[in-house]
file run_23.cif (mmCIF, N, CA and C atoms)
data_coords
#
loop_
_atom_site.label_atom_id
_atom_site.label_comp_id
_atom_site.auth_asym_id
_atom_site.auth_seq_id
_atom_site.Cartn_x
_atom_site.Cartn_y
_atom_site.Cartn_z
N MET I 17 80.45 102.24 123.83
CA MET I 17 79.61 101.65 122.81
C MET I 17 80.10 102.02 121.41
N ILE I 18 80.40 103.32 121.23
CA ILE I 18 80.88 103.76 119.92
C ILE I 18 82.24 103.14 119.62
N HIS I 19 83.10 103.04 120.62
CA HIS I 19 84.41 102.42 120.42
C HIS I 19 84.25 100.97 119.97
N LEU I 20 83.33 100.25 120.58
CA LEU I 20 83.07 98.86 120.20
C LEU I 20 82.57 98.79 118.75
N PHE I 21 81.66 99.69 118.39
CA PHE I 21 81.14 99.73 117.02
C PHE I 21 82.26 100.00 116.02
N LEU I 22 83.12 100.99 116.32
CA LEU I 22 84.24 101.30 115.43
C LEU I 22 85.20 100.12 115.31
N THR I 23 85.43 99.44 116.41
CA THR I 23 86.31 98.27 116.39
C THR I 23 85.75 97.17 115.50
N ILE I 24 84.47 96.92 115.64
CA ILE I 24 83.84 95.87 114.82
C ILE I 24 83.86 96.24 113.35
N ILE I 25 83.46 97.47 113.03
CA ILE I 25 83.48 97.93 111.64
C ILE I 25 84.91 97.93 111.11
N GLY I 26 85.85 98.41 111.90
CA GLY I 26 87.24 98.47 111.49
C GLY I 26 87.84 97.10 111.22
N ASP I 27 87.39 96.10 111.97
CA ASP I 27 87.89 94.74 111.76
C ASP I 27 87.51 94.19 110.39
N PHE I 28 86.47 94.75 109.79
CA PHE I 28 86.05 94.29 108.47
C PHE I 28 86.78 95.00 107.33
N HIS I 29 87.62 95.99 107.64
CA HIS I 29 88.35 96.72 106.59
C HIS I 29 89.16 95.78 105.69
N PRO I 30 89.94 94.84 106.24
CA PRO I 30 90.71 93.94 105.36
C PRO I 30 89.83 93.10 104.43
N LEU I 31 88.64 92.77 104.86
CA LEU I 31 87.72 92.01 104.01
C LEU I 31 87.10 92.90 102.93
N ILE I 32 86.55 94.03 103.35
CA ILE I 32 85.85 94.93 102.44
C ILE I 32 86.79 95.49 101.37
N VAL I 33 88.03 95.76 101.72
CA VAL I 33 88.96 96.40 100.79
C VAL I 33 89.25 95.51 99.58
N HIS I 34 89.03 94.22 99.69
CA HIS I 34 89.29 93.34 98.56
C HIS I 34 88.20 93.39 97.49
N PHE I 35 87.03 93.86 97.82
CA PHE I 35 85.98 94.00 96.81
C PHE I 35 86.34 95.03 95.74
N PRO I 36 86.69 96.27 96.11
CA PRO I 36 87.05 97.21 95.05
C PRO I 36 88.31 96.79 94.29
N ILE I 37 89.24 96.12 94.96
CA ILE I 37 90.44 95.66 94.27
C ILE I 37 90.06 94.67 93.17
N GLY I 38 89.21 93.73 93.49
CA GLY I 38 88.76 92.75 92.49
C GLY I 38 87.97 93.40 91.35
N ILE I 39 87.12 94.35 91.69
CA ILE I 39 86.32 95.02 90.67
C ILE I 39 87.21 95.90 89.80
N PHE I 40 88.21 96.56 90.41
CA PHE I 40 89.19 97.32 89.62
C PHE I 40 89.86 96.40 88.60
N GLY I 41 90.20 95.19 89.03
CA GLY I 41 90.81 94.22 88.11
C GLY I 41 89.89 93.86 86.97
N LEU I 42 88.62 93.64 87.27
CA LEU I 42 87.63 93.32 86.24
C LEU I 42 87.50 94.48 85.24
N ILE I 43 87.45 95.70 85.75
CA ILE I 43 87.33 96.87 84.88
C ILE I 43 88.59 97.01 84.03
N ALA I 44 89.76 96.86 84.63
CA ALA I 44 91.02 96.97 83.88
C ALA I 44 91.09 95.92 82.77
N PHE I 45 90.71 94.69 83.09
CA PHE I 45 90.70 93.62 82.09
C PHE I 45 89.73 93.95 80.96
N SER I 46 88.56 94.47 81.30
CA SER I 46 87.58 94.86 80.28
C SER I 46 88.11 95.98 79.40
N LEU I 47 88.78 96.96 80.00
CA LEU I 47 89.34 98.06 79.22
C LEU I 47 90.45 97.60 78.28
N ILE I 48 91.27 96.66 78.75
CA ILE I 48 92.32 96.12 77.89
C ILE I 48 91.72 95.38 76.71
N LEU I 49 90.74 94.53 76.96
CA LEU I 49 90.08 93.81 75.86
C LEU I 49 89.38 94.76 74.90
N TYR I 50 88.79 95.81 75.43
CA TYR I 50 88.14 96.82 74.61
C TYR I 50 89.16 97.54 73.73
N LYS I 51 90.30 97.87 74.32
CA LYS I 51 91.34 98.60 73.59
C LYS I 51 91.92 97.77 72.44
N ILE I 52 92.09 96.48 72.65
CA ILE I 52 92.64 95.64 71.57
C ILE I 52 91.53 95.07 70.67
N LYS I 53 90.35 95.65 70.80
CA LYS I 53 89.21 95.33 69.92
C LYS I 53 88.72 93.88 70.03
N LYS I 54 88.84 93.31 71.21
CA LYS I 54 88.33 91.96 71.42
C LYS I 54 86.88 91.95 71.90
N ILE I 55 86.46 93.04 72.55
CA ILE I 55 85.07 93.13 73.03
C ILE I 55 84.56 94.55 72.83
N GLU I 56 83.26 94.67 72.83
CA GLU I 56 82.59 95.97 72.93
C GLU I 56 82.21 96.14 74.40
N LEU I 57 82.24 97.37 74.85
CA LEU I 57 81.82 97.62 76.23
C LEU I 57 80.33 97.90 76.27
N PRO I 58 79.54 96.99 76.83
CA PRO I 58 78.12 97.29 77.00
C PRO I 58 77.99 98.36 78.10
N MET I 59 77.78 99.59 77.69
CA MET I 59 77.87 100.73 78.60
C MET I 59 76.97 100.63 79.83
N PRO I 60 75.71 100.17 79.73
CA PRO I 60 74.92 100.07 80.98
C PRO I 60 75.57 99.12 82.00
N PHE I 61 76.05 97.98 81.54
CA PHE I 61 76.70 97.03 82.44
C PHE I 61 78.02 97.60 82.96
N PHE I 62 78.78 98.25 82.08
CA PHE I 62 80.07 98.84 82.47
C PHE I 62 79.86 99.93 83.53
N LYS I 63 78.83 100.72 83.37
CA LYS I 63 78.53 101.76 84.36
C LYS I 63 78.08 101.14 85.68
N LEU I 64 77.32 100.07 85.61
CA LEU I 64 76.88 99.38 86.83
C LEU I 64 78.08 98.83 87.60
N ILE I 65 79.01 98.21 86.90
CA ILE I 65 80.21 97.67 87.54
C ILE I 65 81.03 98.80 88.16
N ASN I 66 81.15 99.93 87.46
CA ASN I 66 81.87 101.08 88.00
C ASN I 66 81.16 101.64 89.23
N GLY I 67 79.85 101.66 89.23
CA GLY I 67 79.09 102.11 90.40
C GLY I 67 79.30 101.19 91.59
N LEU I 68 79.33 99.88 91.33
CA LEU I 68 79.59 98.92 92.39
C LEU I 68 81.01 99.11 92.93
N CYS I 69 81.95 99.37 92.05
CA CYS I 69 83.33 99.61 92.47
C CYS I 69 83.42 100.86 93.36
N LEU I 70 82.77 101.93 92.94
CA LEU I 70 82.78 103.16 93.73
C LEU I 70 82.14 102.93 95.10
N SER I 71 81.04 102.21 95.13
CA SER I 71 80.35 101.94 96.41
C SER I 71 81.24 101.15 97.36
N THR I 72 81.89 100.11 96.86
CA THR I 72 82.74 99.30 97.72
C THR I 72 84.01 100.06 98.12
N LEU I 73 84.48 100.95 97.25
CA LEU I 73 85.65 101.77 97.60
C LEU I 73 85.29 102.75 98.73
N ILE I 74 84.11 103.32 98.66
CA ILE I 74 83.65 104.21 99.74
C ILE I 74 83.55 103.44 101.05
N LEU I 75 82.98 102.23 101.00
CA LEU I 75 82.89 101.41 102.22
C LEU I 75 84.28 101.07 102.76
N ALA I 76 85.21 100.75 101.88
CA ALA I 76 86.57 100.41 102.32
C ALA I 76 87.22 101.58 103.04
N VAL I 77 87.02 102.79 102.52
CA VAL I 77 87.58 103.98 103.16
C VAL I 77 86.91 104.22 104.52
N ILE I 78 85.60 104.10 104.58
CA ILE I 78 84.88 104.29 105.85
C ILE I 78 85.33 103.26 106.88
N PHE I 79 85.44 102.01 106.48
CA PHE I 79 85.86 100.96 107.40
C PHE I 79 87.31 101.17 107.82
N GLY I 80 88.14 101.68 106.90
CA GLY I 80 89.53 101.97 107.24
C GLY I 80 89.64 103.08 108.27
N VAL I 81 88.85 104.12 108.11
CA VAL I 81 88.85 105.22 109.08
C VAL I 81 88.37 104.69 110.44
N ALA I 82 87.36 103.83 110.42
CA ALA I 82 86.87 103.24 111.68
C ALA I 82 87.96 102.40 112.33
N SER I 83 88.72 101.68 111.53
CA SER I 83 89.81 100.85 112.06
C SER I 83 90.88 101.72 112.71
N GLU I 84 91.23 102.81 112.04
CA GLU I 84 92.25 103.71 112.59
C GLU I 84 91.78 104.34 113.90
N ASN I 85 90.52 104.73 113.95
CA ASN I 85 90.00 105.42 115.13
C ASN I 85 89.76 104.49 116.32
N SER I 86 89.78 103.19 116.08
CA SER I 86 89.53 102.26 117.18
C SER I 86 90.83 101.67 117.73
N ARG I 87 91.97 102.01 117.14
CA ARG I 87 93.26 101.48 117.58
C ARG I 87 94.27 102.61 117.73
N SER I 88 95.35 102.31 118.41
CA SER I 88 96.42 103.31 118.51
C SER I 88 97.69 102.74 117.86
N TYR I 89 98.34 103.58 117.12
CA TYR I 89 99.57 103.21 116.42
C TYR I 89 100.65 104.20 116.82
N SER I 90 101.92 103.76 116.75
CA SER I 90 103.01 104.67 117.09
C SER I 90 104.21 104.38 116.19
N GLY I 91 105.11 105.34 116.15
CA GLY I 91 106.35 105.19 115.40
C GLY I 91 106.15 105.02 113.92
N LYS I 92 106.90 104.09 113.35
CA LYS I 92 106.87 103.86 111.90
C LYS I 92 105.48 103.39 111.45
N ASP I 93 104.83 102.59 112.29
CA ASP I 93 103.48 102.12 111.94
C ASP I 93 102.52 103.28 111.75
N ALA I 94 102.61 104.28 112.62
CA ALA I 94 101.73 105.44 112.52
C ALA I 94 102.01 106.22 111.24
N ASP I 95 103.28 106.35 110.86
CA ASP I 95 103.63 107.05 109.63
C ASP I 95 103.10 106.31 108.39
N LEU I 96 103.29 104.99 108.38
CA LEU I 96 102.79 104.20 107.25
C LEU I 96 101.27 104.25 107.17
N LEU I 97 100.63 104.20 108.32
CA LEU I 97 99.17 104.26 108.35
C LEU I 97 98.68 105.61 107.83
N GLU I 98 99.38 106.68 108.19
CA GLU I 98 98.99 108.00 107.72
C GLU I 98 99.07 108.07 106.18
N TRP I 99 100.14 107.54 105.59
CA TRP I 99 100.26 107.52 104.13
C TRP I 99 99.21 106.60 103.51
N HIS I 100 98.98 105.46 104.15
CA HIS I 100 97.95 104.52 103.68
C HIS I 100 96.59 105.21 103.62
N GLU I 101 96.27 105.95 104.67
CA GLU I 101 94.99 106.65 104.74
C GLU I 101 94.90 107.76 103.68
N LYS I 102 95.95 108.57 103.57
CA LYS I 102 95.95 109.66 102.59
C LYS I 102 95.81 109.14 101.17
N LEU I 103 96.55 108.08 100.85
CA LEU I 103 96.48 107.52 99.51
C LEU I 103 95.12 106.87 99.25
N GLY I 104 94.50 106.34 100.30
CA GLY I 104 93.14 105.80 100.15
C GLY I 104 92.15 106.89 99.79
N PHE I 105 92.27 108.04 100.44
CA PHE I 105 91.40 109.17 100.12
C PHE I 105 91.68 109.71 98.71
N VAL I 106 92.95 109.77 98.32
CA VAL I 106 93.30 110.24 96.97
C VAL I 106 92.74 109.28 95.92
N ALA I 107 92.89 107.98 96.15
CA ALA I 107 92.36 106.99 95.21
C ALA I 107 90.84 107.14 95.08
N LEU I 108 90.16 107.32 96.21
CA LEU I 108 88.71 107.51 96.18
C LEU I 108 88.34 108.78 95.42
N PHE I 109 89.04 109.86 95.67
CA PHE I 109 88.77 111.13 95.00
C PHE I 109 88.97 111.01 93.48
N LEU I 110 90.08 110.41 93.07
CA LEU I 110 90.35 110.25 91.63
C LEU I 110 89.29 109.37 90.97
N TYR I 111 88.93 108.28 91.65
CA TYR I 111 87.94 107.38 91.06
C TYR I 111 86.55 108.00 91.06
N PHE I 112 86.25 108.79 92.07
CA PHE I 112 84.97 109.49 92.11
C PHE I 112 84.82 110.39 90.88
N ILE I 113 85.86 111.13 90.55
CA ILE I 113 85.84 111.99 89.36
C ILE I 113 85.73 111.13 88.10
N ALA I 114 86.51 110.06 88.03
CA ALA I 114 86.47 109.17 86.86
C ALA I 114 85.07 108.60 86.67
N PHE I 115 84.45 108.20 87.75
CA PHE I 115 83.10 107.63 87.69
C PHE I 115 82.11 108.60 87.07
N PHE I 116 82.16 109.85 87.49
CA PHE I 116 81.22 110.83 86.95
C PHE I 116 81.57 111.22 85.51
N LEU I 117 82.83 111.19 85.15
CA LEU I 117 83.19 111.43 83.75
C LEU I 117 82.63 110.33 82.86
N LEU I 118 82.62 109.12 83.36
CA LEU I 118 82.04 108.00 82.60
C LEU I 118 80.56 108.26 82.32
N TYR I 119 79.86 108.81 83.28
CA TYR I 119 78.44 109.10 83.07
C TYR I 119 78.20 110.28 82.14
N PHE I 120 79.08 111.27 82.14
CA PHE I 120 78.94 112.38 81.21
C PHE I 120 79.25 111.96 79.79
N GLN I 121 79.98 110.88 79.62
CA GLN I 121 80.32 110.37 78.29
C GLN I 121 79.06 110.14 77.46
N GLU I 122 78.02 109.69 78.07
CA GLU I 122 76.79 109.37 77.37
C GLU I 122 76.14 110.61 76.76
N LYS I 123 76.41 111.76 77.30
CA LYS I 123 75.75 112.98 76.84
C LYS I 123 76.47 113.61 75.64
N GLY I 124 77.35 112.85 74.97
CA GLY I 124 77.97 113.33 73.75
C GLY I 124 79.32 113.98 73.92
N LYS I 125 79.79 114.10 75.14
CA LYS I 125 81.11 114.68 75.36
C LYS I 125 82.13 113.54 75.42
N ASN I 126 83.32 113.83 74.94
CA ASN I 126 84.33 112.78 74.88
C ASN I 126 85.17 112.77 76.16
N TYR I 127 84.58 112.28 77.24
CA TYR I 127 85.27 112.20 78.51
C TYR I 127 85.85 110.82 78.78
N PHE I 128 85.64 109.88 77.87
CA PHE I 128 86.06 108.50 78.14
C PHE I 128 87.58 108.40 78.33
N LYS I 129 88.35 109.14 77.52
CA LYS I 129 89.81 109.06 77.69
C LYS I 129 90.23 109.60 79.06
N TRP I 130 89.53 110.65 79.54
CA TRP I 130 89.85 111.17 80.88
C TRP I 130 89.43 110.19 81.96
N TYR I 131 88.32 109.48 81.73
CA TYR I 131 87.91 108.43 82.65
C TYR I 131 89.02 107.39 82.76
N VAL I 132 89.54 106.94 81.62
CA VAL I 132 90.58 105.91 81.61
C VAL I 132 91.83 106.40 82.34
N ILE I 133 92.25 107.62 82.09
CA ILE I 133 93.44 108.19 82.74
C ILE I 133 93.24 108.24 84.26
N LEU I 134 92.09 108.74 84.70
CA LEU I 134 91.83 108.83 86.14
C LEU I 134 91.64 107.45 86.76
N PHE I 135 91.07 106.53 86.01
CA PHE I 135 90.93 105.15 86.49
C PHE I 135 92.32 104.55 86.76
N ILE I 136 93.22 104.73 85.81
CA ILE I 136 94.58 104.19 85.96
C ILE I 136 95.30 104.85 87.14
N LEU I 137 95.19 106.17 87.26
CA LEU I 137 95.82 106.87 88.39
C LEU I 137 95.24 106.40 89.72
N SER I 138 93.93 106.22 89.76
CA SER I 138 93.28 105.75 90.98
C SER I 138 93.74 104.34 91.32
N PHE I 139 93.81 103.49 90.32
CA PHE I 139 94.25 102.10 90.52
C PHE I 139 95.68 102.05 91.04
N LEU I 140 96.56 102.86 90.45
CA LEU I 140 97.96 102.89 90.89
C LEU I 140 98.09 103.44 92.31
N THR I 141 97.31 104.50 92.59
CA THR I 141 97.33 105.08 93.94
C THR I 141 96.83 104.08 94.96
N MET I 142 95.74 103.39 94.64
CA MET I 142 95.20 102.39 95.54
C MET I 142 96.18 101.25 95.73
N SER I 143 96.83 100.82 94.67
CA SER I 143 97.79 99.71 94.77
C SER I 143 98.97 100.09 95.66
N PHE I 144 99.53 101.26 95.44
CA PHE I 144 100.68 101.70 96.24
C PHE I 144 100.26 101.91 97.70
N GLY I 145 99.15 102.60 97.90
CA GLY I 145 98.66 102.85 99.25
C GLY I 145 98.31 101.57 100.00
N GLY I 146 97.76 100.60 99.27
CA GLY I 146 97.39 99.34 99.90
C GLY I 146 98.59 98.58 100.43
N HIS I 147 99.72 98.70 99.76
CA HIS I 147 100.91 98.01 100.21
C HIS I 147 101.53 98.68 101.44
N LEU I 148 101.13 99.89 101.73
CA LEU I 148 101.63 100.55 102.93
C LEU I 148 100.82 100.19 104.17
N GLY I 149 99.60 99.69 103.95
CA GLY I 149 98.67 99.46 105.05
C GLY I 149 98.81 98.18 105.76
#

call {"tool": "encode", "arguments": {"input": "run_23.cif", "output": "structure tokens"}}
result
Amino acid sequence: MIHLFLTIIGDFHPLIVHFPIGIFGLIAFSLILYKIKKIELPMPFFKLINGLCLSTLILAVIFGVASENSRSYSGKDADLLEWHEKLGFVALFLYFIAFFLLYFQEKGKNYFKWYVILFILSFLTMSFGGHLG
């Protein structure tokens, strides 16, 4: 029963993983426009979008782990999958920190530049790791 559940959840990993990718793109586009002074970032909306991105990234990692645990891989595929999984966890960890730095920004501390740096690192890690999967 559990194996069937993991298989079903794991089968949705390719679908779910595209949500955080799209939201990352929206956030990156917003940051670029903000940087070149084309828009102001409405912080409540920007935080909401970042929260949605974090939530879907967590789901993508959970579904990916379920996918791995419901199938068997060998040889080069197993090595690539291992890197794909590790980079997925690293991307989640970096973005998790970035997300909370964004929320501390409101309390008068200048964490926004660190948020941007961690966002970029998380995006690059996710992009590279995604191509291995």

call {"tool": "residues_around", "arguments": {"input": "run_23.cif", "residues": "Phe112 in chain I", "least_positions_apart": "6", "cutoff": "12 Å", "atoms": "only C-alpha atoms", "output": "PDB file with N, CA and C atoms, in the coordinates of the input"}}
result
ATOM      1  N   ASN I  66      81.150  99.930  87.460  1.00  0.00           N
ATOM      2  CA  ASN I  66      81.870 101.080  88.000  1.00  0.00           C
ATOM      3  C   ASN I  66      81.160 101.640  89.230  1.00  0.00           C
ATOM      4  N   GLY I  67      79.850 101.660  89.230  1.00  0.00           N
ATOM      5  CA  GLY I  67      79.090 102.110  90.400  1.00  0.00           C
ATOM      6  C   GLY I  67      79.300 101.190  91.590  1.00  0.00           C
ATOM      7  N   LEU I  68      79.330  99.880  91.330  1.00  0.00           N
ATOM      8  CA  LEU I  68      79.590  98.920  92.390  1.00  0.00           C
ATOM      9  C   LEU I  68      81.010  99.110  92.930  1.00  0.00           C
ATOM     10  N   CYS I  69      81.950  99.370  92.050  1.00  0.00           N
ATOM     11  CA  CYS I  69      83.330  99.610  92.470  1.00  0.00           C
ATOM     12  C   CYS I  69      83.420 100.860  93.360  1.00  0.00           C
ATOM     13  N   LEU I  70      82.770 101.930  92.940  1.00  0.00           N
ATOM     14  CA  LEU I  70      82.780 103.160  93.730  1.00  0.00           C
ATOM     15  C   LEU I  70      82.140 102.930  95.100  1.00  0.00           C
ATOM     16  N   SER I  71      81.040 102.210  95.130  1.00  0.00           N
ATOM     17  CA  SER I  71      80.350 101.940  96.410  1.00  0.00           C
ATOM     18  C   SER I  71      81.240 101.150  97.360  1.00  0.00           C
ATOM     19  N   THR I  72      81.890 100.110  96.860  1.00  0.00           N
ATOM     20  CA  THR I  72      82.740  99.300  97.720  1.00  0.00           C
ATOM     21  C   THR I  72      84.010 100.060  98.120  1.00  0.00           C
ATOM     22  N   LEU I  73      84.480 100.950  97.250  1.00  0.00           N
ATOM     23  CA  LEU I  73      85.650 101.770  97.600  1.00  0.00           C
ATOM     24  C   LEU I  73      85.290 102.750  98.730  1.00  0.00           C
ATOM     25  N   ILE I  74      84.110 103.320  98.660  1.00  0.00           N
ATOM     26  CA  ILE I  74      83.650 104.210  99.740  1.00  0.00           C
ATOM     27  C   ILE I  74      83.550 103.440 101.050  1.00  0.00           C
ATOM     28  N   PHE I 105      92.270 108.040 100.440  1.00  0.00           N
ATOM     29  CA  PHE I 105      91.400 109.170 100.120  1.00  0.00           C
ATOM     30  C   PHE I 105      91.680 109.710  98.710  1.00  0.00           C
ATOM     31  N   VAL I 106      92.950 109.770  98.320  1.00  0.00           N
ATOM     32  CA  VAL I 106      93.300 110.240  96.970  1.00  0.00           C
ATOM     33  C   VAL I 106      92.740 109.280  95.920  1.00  0.00           C
ATOM     34  N   LEU I 118      82.620 109.120  83.360  1.00  0.00           N
ATOM     35  CA  LEU I 118      82.040 108.000  82.600  1.00  0.00           C
ATOM     36  C   LEU I 118      80.560 108.260  82.320  1.00  0.00           C
ATOM     37  N   TYR I 119      79.860 108.810  83.280  1.00  0.00           N
ATOM     38  CA  TYR I 119      78.440 109.100  83.070  1.00  0.00           C
ATOM     39  C   TYR I 119      78.200 110.280  82.140  1.00  0.00           C
ATOM     40  N   TYR I 131      88.320 109.480  81.730  1.00  0.00           N
ATOM     41  CA  TYR I 131      87.910 108.430  82.650  1.00  0.00           C
ATOM     42  C   TYR I 131      89.020 107.390  82.760  1.00  0.00           C
ATOM     43  N   LEU I 134      92.090 108.740  84.700  1.00  0.00           N
ATOM     44  CA  LEU I 134      91.830 108.830  86.140  1.00  0.00           C
ATOM     45  C   LEU I 134      91.640 107.450  86.760  1.00  0.00           C
ATOM     46  N   PHE I 135      91.070 106.530  86.010  1.00  0.00           N
ATOM     47  CA  PHE I 135      90.930 105.150  86.490  1.00  0.00           C
ATOM     48  C   PHE I 135      92.320 104.550  86.760  1.00  0.00           C
ATOM     49  N   LEU I 137      95.190 106.170  87.260  1.00  0.00           N
ATOM     50  CA  LEU I 137      95.820 106.870  88.390  1.00  0.00           C
ATOM     51  C   LEU I 137      95.240 106.400  89.720  1.00  0.00           C
ATOM     52  N   SER I 138      93.930 106.220  89.760  1.00  0.00           N
ATOM     53  CA  SER I 138      93.280 105.750  90.980  1.00  0.00           C
ATOM     54  C   SER I 138      93.740 104.340  91.320  1.00  0.00           C
ATOM     55  N   PHE I 139      93.810 103.490  90.320  1.00  0.00           N
ATOM     56  CA  PHE I 139      94.250 102.100  90.520  1.00  0.00           C
ATOM     57  C   PHE I 139      95.680 102.050  91.040  1.00  0.00           C
TER      58      PHE I 139
END

call {"tool": "atom_distance", "arguments": {"input": "run_23.cif", "atom1": "CA of Ile113 in chain I", "atom2": "CA of Pro58 in chain I"}}
result
20.7 Å

call {"tool": "atom_distance", "arguments": {"input": "run_23.cif", "atom1": "atom C of Ala94 in chain I", "atom2": "atom C of Gly145 in chain I"}}
result
12.7 Å

call {"tool": "closest_residue", "arguments": {"input": "run_23.cif", "among": "I:His147, I:His19, I:Lys102, I:His29", "to": "Phe79 in chain I", "atoms": "only C-alpha atoms"}}
result
I:His29

call {"tool": "atom_distance", "arguments": {"input": "run_23.cif", "atom1": "CA of Gly38 in chain I", "atom2": "atom N of Lys54 in chain I"}}
result
21.3 Å

call {"tool": "axis_aligned_box", "arguments": {"input": "run_23.cif", "around": "range 50-60 of chain I", "padding_each_side": "5 Å", "output": "JSON"}}
result
{"center_x": 83.8, "center_y": 96.3, "center_z": 76.0, "size_x": 27.7, "size_y": 18.8, "size_z": 22.1}

call {"tool": "residues_around", "arguments": {"input": "run_23.cif", "residues": "Leu97 in chain I", "least_positions_apart": "5", "cutoff": "6.5 Å", "atoms": "all atoms listed in the file", "output": "MDAnalysis selection string"}}
result
chainID I and resid 92 102 148:149

call {"tool": "select_by_dssp", "arguments": {"input": "run_23.cif", "residues": "chain I", "states": "alpha helix (DSSP H)", "output": "ChimeraX atom specification"}}
result
/I:18-27,29-32,34-51,59-85,91-121,128-148

call {"tool": "closest_residue", "arguments": {"input": "run_23.cif", "among": "I:Leu57, I:Ile48, I:Ser83, I:Pro36", "to": "Ile24 in chain I", "atoms": "only N, CA and C atoms"}}
result
I:Ser83

call {"tool": "residues_around", "arguments": {"input": "run_23.cif", "residues": "Ser46 in chain I", "least_positions_apart": "6", "cutoff": "12 Å", "atoms": "only C-alpha atoms", "output": "PyMOL selection string"}}
result
chain I and resi 39-40+52-59+61-62+65-66+132

call {"tool": "resolve_selection", "arguments": {"input": "run_23.cif", "expression": "the PyMOL selection byres ((chain I and resi 82) around 8)", "output": "PDB file with N, CA and C atoms, in the frame of the given file"}}
result
ATOM      1  N   PHE I  21      81.660  99.690 118.390  1.00  0.00           N
ATOM      2  CA  PHE I  21      81.140  99.730 117.020  1.00  0.00           C
ATOM      3  C   PHE I  21      82.260 100.000 116.020  1.00  0.00           C
ATOM      4  N   LEU I  22      83.120 100.990 116.320  1.00  0.00           N
ATOM      5  CA  LEU I  22      84.240 101.300 115.430  1.00  0.00           C
ATOM      6  C   LEU I  22      85.200 100.120 115.310  1.00  0.00           C
ATOM      7  N   THR I  23      85.430  99.440 116.410  1.00  0.00           N
ATOM      8  CA  THR I  23      86.310  98.270 116.390  1.00  0.00           C
ATOM      9  C   THR I  23      85.750  97.170 115.500  1.00  0.00           C
ATOM     10  N   ILE I  24      84.470  96.920 115.640  1.00  0.00           N
ATOM     11  CA  ILE I  24      83.840  95.870 114.820  1.00  0.00           C
ATOM     12  C   ILE I  24      83.860  96.240 113.350  1.00  0.00           C
ATOM     13  N   ILE I  25      83.460  97.470 113.030  1.00  0.00           N
ATOM     14  CA  ILE I  25      83.480  97.930 111.640  1.00  0.00           C
ATOM     15  C   ILE I  25      84.910  97.930 111.110  1.00  0.00           C
ATOM     16  N   GLY I  26      85.850  98.410 111.900  1.00  0.00           N
ATOM     17  CA  GLY I  26      87.240  98.470 111.490  1.00  0.00           C
ATOM     18  C   GLY I  26      87.840  97.100 111.220  1.00  0.00           C
ATOM     19  N   ASP I  27      87.390  96.100 111.970  1.00  0.00           N
ATOM     20  CA  ASP I  27      87.890  94.740 111.760  1.00  0.00           C
ATOM     21  C   ASP I  27      87.510  94.190 110.390  1.00  0.00           C
ATOM     22  N   HIS I  29      87.620  95.990 107.640  1.00  0.00           N
ATOM     23  CA  HIS I  29      88.350  96.720 106.590  1.00  0.00           C
ATOM     24  C   HIS I  29      89.160  95.780 105.690  1.00  0.00           C
ATOM     25  N   ALA I  76      85.210 100.750 101.880  1.00  0.00           N
ATOM     26  CA  ALA I  76      86.570 100.410 102.320  1.00  0.00           C
ATOM     27  C   ALA I  76      87.220 101.580 103.040  1.00  0.00           C
ATOM     28  N   VAL I  77      87.020 102.790 102.520  1.00  0.00           N
ATOM     29  CA  VAL I  77      87.580 103.980 103.160  1.00  0.00           C
ATOM     30  C   VAL I  77      86.910 104.220 104.520  1.00  0.00           C
ATOM     31  N   ILE I  78      85.600 104.100 104.580  1.00  0.00           N
ATOM     32  CA  ILE I  78      84.880 104.290 105.850  1.00  0.00           C
ATOM     33  C   ILE I  78      85.330 103.260 106.880  1.00  0.00           C
ATOM     34  N   PHE I  79      85.440 102.010 106.480  1.00  0.00           N
ATOM     35  CA  PHE I  79      85.860 100.960 107.400  1.00  0.00           C
ATOM     36  C   PHE I  79      87.310 101.170 107.820  1.00  0.00           C
ATOM     37  N   GLY I  80      88.140 101.680 106.900  1.00  0.00           N
ATOM     38  CA  GLY I  80      89.530 101.970 107.240  1.00  0.00           C
ATOM     39  C   GLY I  80      89.640 103.080 108.270  1.00  0.00           C
ATOM     40  N   VAL I  81      88.850 104.120 108.110  1.00  0.00           N
ATOM     41  CA  VAL I  81      88.850 105.220 109.080  1.00  0.00           C
ATOM     42  C   VAL I  81      88.370 104.690 110.440  1.00  0.00           C
ATOM     43  N   SER I  83      88.720 101.680 111.530  1.00  0.00           N
ATOM     44  CA  SER I  83      89.810 100.850 112.060  1.00  0.00           C
ATOM     45  C   SER I  83      90.880 101.720 112.710  1.00  0.00           C
ATOM     46  N   GLU I  84      91.230 102.810 112.040  1.00  0.00           N
ATOM     47  CA  GLU I  84      92.250 103.710 112.590  1.00  0.00           C
ATOM     48  C   GLU I  84      91.780 104.340 113.900  1.00  0.00           C
ATOM     49  N   ASN I  85      90.520 104.730 113.950  1.00  0.00           N
ATOM     50  CA  ASN I  85      90.000 105.420 115.130  1.00  0.00           C
ATOM     51  C   ASN I  85      89.760 104.490 116.320  1.00  0.00           C
ATOM     52  N   SER I  86      89.780 103.190 116.080  1.00  0.00           N
ATOM     53  CA  SER I  86      89.530 102.260 117.180  1.00  0.00           C
ATOM     54  C   SER I  86      90.830 101.670 117.730  1.00  0.00           C
ATOM     55  N   ARG I  87      91.970 102.010 117.140  1.00  0.00           N
ATOM     56  CA  ARG I  87      93.260 101.480 117.580  1.00  0.00           C
ATOM     57  C   ARG I  87      94.270 102.610 117.730  1.00  0.00           C
TER      58      ARG I  87
END
